[in-house]
Amino acid sequence: MITAEDIAKQAGLSRYTVSKVLNGAAGVRQATRDRVLRICDELGYIPDHNARGLRRGATNLVALVVPYVTDQFYSAMIEELEQLAAAAGFMLIYKSSYNDAAVERAIIRSFLALKVCALLAVPATPGADLKTHELAARNLPVIYLDRPLSDDCFCVLNDNRASGAAMTARLLKHTPDIWYLDSFYGNGNPTAVERRAGYTDEMRRHGLEPRYLPVRSTIRQDNEHFAFENVSAFFSSGNSCGGLFCVTDTTALGAMAAVRKYGLTPGKDFFTGGHDDLRFGAYASPALTTMRQPLNAMCAAAFEMLQECLRGEPPAIRRRMFNSELIVRDSG
């Protein structure tokens, strides 16, 4: 196995100088840096940054845990955070908790064992293991995205209550008969709770009674199927409504598929709004009216908070709140 000592011997340099080059340190002439890197390439030497980090007690690894890497919202979050990390000299590693508190606990503990330098997290809901999160926070900076763990944690959030009100106001331009379709996690999901509160606020502001589409859990825990099954059950029981504010775009997609079975045409005699502006929304039929979260700005704010904490300068404002943009399309 080629070692840094072999590189130093081949280059005719001290081990210290080679180490400075491999760590990207300043104070090394460019010609010397080029010679060391050329010899590394020739001998096939790959520096083990993780091993060096473990010896120092920390690495350049930033960890991220999200509920589902396959969810378009979280995959877009991962993409943005990867770019931010790389630009700042870090490497992002990530895992999916499948919104399972036990899985999340094991993931966070494995990240701690890897000596990551910081943790970004969308906590599992409901029932995140507070002791594990507290353990992480005692050892490294932890920043929460999308939903908070507690009232005093460092977090970057969308103003979901304002989003709920804005979407409801838009749909009420078509009909006063707007209902709310919740998440299959119900009150266990603080994001959904806030969006529902925004809907409730806006309905009452217009002197209307809030109406919540009755839901039951389904075996398949995905938003499209959940919405399709519950909206179908609602209409098959002889109920009716003029439109739905759906907690997410994927929920709206399932809802629109369901109402077509009962002779309604989304965007004409049934009005639907979602949330998150996922990529498929503009190409759905009809194109989906939604709320667009400023995801790039939110990720940048989270990474800025993380770096401030790493510098020993934790931000005075622990909770950063962003507003979404109403995107009007054909569905509502």
# chains A, B, ... in the order shown; residues from 1 in each chain; ligands from 1

call {"tool": "residues_around", "arguments": {"residues": "A:Leu208", "least_positions_apart": "2", "cutoff": "12 Å", "atoms": "only C-alpha atoms", "output": "ChimeraX atom specification"}}
result
/A:168-169,172,175-179,199-206,210-211

call {"tool": "write_last_selection", "arguments": {"atoms": "all heavy atoms", "output": "compact mmCIF listing (two decimals), in the first residue's frame"}}
result
# COMPACT_ATOMS: atom_id res chain seq x y z
N THR A 168 -55.66 28.74 0.42
CA THR A 168 -57.10 28.74 0.66
C THR A 168 -57.75 29.97 0.04
O THR A 168 -58.80 29.89 -0.60
CB THR A 168 -57.38 28.66 2.17
OG1 THR A 168 -56.73 27.52 2.71
CG2 THR A 168 -58.87 28.56 2.43
N ALA A 169 -57.11 31.12 0.22
CA ALA A 169 -57.63 32.36 -0.36
C ALA A 169 -57.74 32.24 -1.88
O ALA A 169 -58.71 32.72 -2.49
CB ALA A 169 -56.75 33.54 0.03
N LEU A 172 -60.70 29.93 -2.80
CA LEU A 172 -61.99 30.55 -2.50
C LEU A 172 -62.44 31.52 -3.59
O LEU A 172 -63.61 31.90 -3.63
CB LEU A 172 -61.92 31.28 -1.15
CG LEU A 172 -61.90 30.37 0.09
CD1 LEU A 172 -61.66 31.20 1.34
CD2 LEU A 172 -63.20 29.56 0.21
N THR A 175 -64.84 28.98 -5.44
CA THR A 175 -66.00 28.45 -4.74
C THR A 175 -65.79 28.57 -3.23
O THR A 175 -64.65 28.43 -2.76
CB THR A 175 -66.24 26.97 -5.10
OG1 THR A 175 -67.29 26.44 -4.28
CG2 THR A 175 -65.00 26.13 -4.91
N PRO A 176 -66.87 28.78 -2.46
CA PRO A 176 -66.72 28.80 -1.01
C PRO A 176 -66.65 27.40 -0.41
O PRO A 176 -66.36 27.25 0.77
CB PRO A 176 -67.99 29.53 -0.54
CG PRO A 176 -68.99 29.24 -1.61
CD PRO A 176 -68.22 29.18 -2.90
N ASP A 177 -66.89 26.39 -1.26
CA ASP A 177 -66.98 25.00 -0.77
C ASP A 177 -65.61 24.31 -0.85
O ASP A 177 -65.44 23.31 -1.54
CB ASP A 177 -68.02 24.24 -1.58
CG ASP A 177 -68.37 22.88 -0.98
OD1 ASP A 177 -68.17 22.71 0.25
OD2 ASP A 177 -68.82 22.01 -1.74
N ILE A 178 -64.63 24.86 -0.15
CA ILE A 178 -63.26 24.32 -0.15
C ILE A 178 -63.03 23.53 1.13
O ILE A 178 -63.27 24.03 2.23
CB ILE A 178 -62.21 25.44 -0.28
CG1 ILE A 178 -62.39 26.19 -1.61
CG2 ILE A 178 -60.80 24.88 -0.17
CD1 ILE A 178 -62.20 25.34 -2.85
N TRP A 179 -62.59 22.31 0.98
CA TRP A 179 -62.26 21.42 2.09
C TRP A 179 -60.75 21.25 2.17
O TRP A 179 -60.02 21.59 1.24
CB TRP A 179 -62.94 20.07 1.93
CG TRP A 179 -64.43 20.07 1.98
CD1 TRP A 179 -65.29 20.89 1.31
CD2 TRP A 179 -65.26 19.17 2.74
NE1 TRP A 179 -66.59 20.58 1.59
CE2 TRP A 179 -66.61 19.52 2.47
CE3 TRP A 179 -65.01 18.11 3.62
CZ2 TRP A 179 -67.69 18.86 3.04
CZ3 TRP A 179 -66.08 17.44 4.17
CH2 TRP A 179 -67.41 17.81 3.90
N TYR A 199 -55.37 27.09 6.63
CA TYR A 199 -56.66 26.87 5.96
C TYR A 199 -57.81 27.31 6.87
O TYR A 199 -58.71 28.05 6.45
CB TYR A 199 -56.80 25.40 5.57
CG TYR A 199 -58.23 24.97 5.32
CD1 TYR A 199 -58.85 25.23 4.10
CD2 TYR A 199 -58.97 24.32 6.31
CE1 TYR A 199 -60.17 24.85 3.87
CE2 TYR A 199 -60.29 23.93 6.09
CZ TYR A 199 -60.89 24.20 4.86
OH TYR A 199 -62.19 23.83 4.65
N THR A 200 -57.77 26.87 8.11
CA THR A 200 -58.83 27.18 9.08
C THR A 200 -58.94 28.68 9.30
O THR A 200 -60.04 29.25 9.30
CB THR A 200 -58.54 26.47 10.41
OG1 THR A 200 -58.47 25.05 10.19
CG2 THR A 200 -59.62 26.75 11.44
N ASP A 201 -57.79 29.35 9.46
CA ASP A 201 -57.78 30.80 9.65
C ASP A 201 -58.48 31.51 8.49
O ASP A 201 -59.30 32.41 8.71
CB ASP A 201 -56.34 31.33 9.73
CG ASP A 201 -55.59 30.87 10.97
OD1 ASP A 201 -56.25 30.43 11.92
OD2 ASP A 201 -54.34 30.96 10.96
N GLU A 202 -58.12 31.12 7.27
CA GLU A 202 -58.63 31.82 6.10
C GLU A 202 -60.13 31.56 5.90
O GLU A 202 -60.88 32.47 5.52
CB GLU A 202 -57.85 31.42 4.85
CG GLU A 202 -58.08 32.30 3.64
CD GLU A 202 -57.61 33.73 3.85
OE1 GLU A 202 -56.81 33.99 4.78
OE2 GLU A 202 -58.04 34.60 3.05
N MET A 203 -60.57 30.33 6.13
CA MET A 203 -62.00 30.04 6.00
C MET A 203 -62.80 30.89 6.98
O MET A 203 -63.83 31.50 6.62
CB MET A 203 -62.25 28.56 6.24
CG MET A 203 -61.72 27.64 5.16
SD MET A 203 -62.58 27.81 3.57
CE MET A 203 -64.11 26.93 3.92
N ARG A 204 -62.33 30.96 8.22
CA ARG A 204 -63.05 31.74 9.23
C ARG A 204 -62.98 33.23 8.94
O ARG A 204 -63.93 33.97 9.24
CB ARG A 204 -62.50 31.40 10.62
CG ARG A 204 -62.91 29.99 11.04
CD ARG A 204 -62.35 29.59 12.38
NE ARG A 204 -62.90 28.28 12.77
CZ ARG A 204 -62.36 27.49 13.70
NH1 ARG A 204 -61.26 27.88 14.35
NH2 ARG A 204 -62.90 26.33 13.99
N ARG A 205 -61.90 33.67 8.35
CA ARG A 205 -61.78 35.09 7.99
C ARG A 205 -62.84 35.46 6.97
O ARG A 205 -63.32 36.61 6.94
CB ARG A 205 -60.38 35.36 7.43
CG ARG A 205 -60.04 36.85 7.33
CD ARG A 205 -58.60 37.06 6.89
NE ARG A 205 -58.43 36.78 5.47
CZ ARG A 205 -58.73 37.64 4.50
NH1 ARG A 205 -59.24 38.83 4.79
NH2 ARG A 205 -58.53 37.33 3.24
N HIS A 206 -63.23 34.49 6.14
CA HIS A 206 -64.27 34.72 5.14
C HIS A 206 -65.67 34.36 5.68
O HIS A 206 -66.64 34.36 4.92
CB HIS A 206 -63.99 33.89 3.89
CG HIS A 206 -62.92 34.46 3.02
ND1 HIS A 206 -61.58 34.32 3.29
CD2 HIS A 206 -63.01 35.20 1.87
CE1 HIS A 206 -60.87 34.92 2.34
NE2 HIS A 206 -61.71 35.46 1.48
N PRO A 210 -64.75 25.82 8.36
CA PRO A 210 -63.72 24.91 7.84
C PRO A 210 -64.26 23.49 7.76
O PRO A 210 -65.00 23.04 8.64
CB PRO A 210 -62.60 25.02 8.87
CG PRO A 210 -62.87 26.29 9.61
CD PRO A 210 -64.35 26.45 9.62
N ARG A 211 -63.89 22.78 6.71
CA ARG A 211 -64.34 21.41 6.53
C ARG A 211 -63.14 20.54 6.18
O ARG A 211 -62.39 20.85 5.25
CB ARG A 211 -65.40 21.32 5.43
CG ARG A 211 -66.68 22.08 5.76
CD ARG A 211 -67.67 22.00 4.63
NE ARG A 211 -68.90 22.73 4.96
CZ ARG A 211 -69.95 22.82 4.14
NH1 ARG A 211 -69.89 22.27 2.94
NH2 ARG A 211 -71.03 23.48 4.53

call {"tool": "select_by_dssp", "arguments": {"residues": "stretch 48-229 of chain A", "states": "strand (DSSP E or B)", "output": "JSON, numbers by chain"}}
result
{"A": [61, 62, 63, 64, 65, 66, 91, 92, 93, 94, 95, 96, 118, 119, 120, 121, 142, 143, 144, 145, 154, 155, 156, 157, 158, 178, 179, 180, 181, 212]}

call {"tool": "residues_around", "arguments": {"residues": "A:Val193", "least_positions_apart": "5", "cutoff": "10 Å", "atoms": "only C-alpha atoms", "output": "ChimeraX atom specification"}}
result
/A:160-161,164,182-183,185-188,198-199,247

call {"tool": "closest_residue", "arguments": {"among": "A:Cys241, A:Leu149, A:Ala128, A:Ala258", "to": "A:Tyr180", "atoms": "only C-alpha atoms"}}
result
A:Cys241

call {"tool": "atom_distance", "arguments": {"atom1": "atom CA of A:Ala287", "atom2": "atom CA of A:Phe235"}}
result
22.7 Å

call {"tool": "closest_residue", "arguments": {"among": "A:Met1, A:Ala282, A:Val328, A:Val18", "to": "A:Lys173", "atoms": "only C-alpha atoms"}}
result
A:Val328

call {"tool": "select_by_dssp", "arguments": {"residues": "stretch 106-265 of chain A", "states": "helix (DSSP H, G or I)", "output": "PyMOL selection string"}}
result
chain A and resi 106-113+130-139+160-172+186-188+190-205+223-236+249-260

call {"tool": "closest_residue", "arguments": {"among": "A:Pro286, A:Val122, A:Ala166, A:Cys117", "to": "A:Ser97", "atoms": "only C-alpha atoms"}}
result
A:Val122
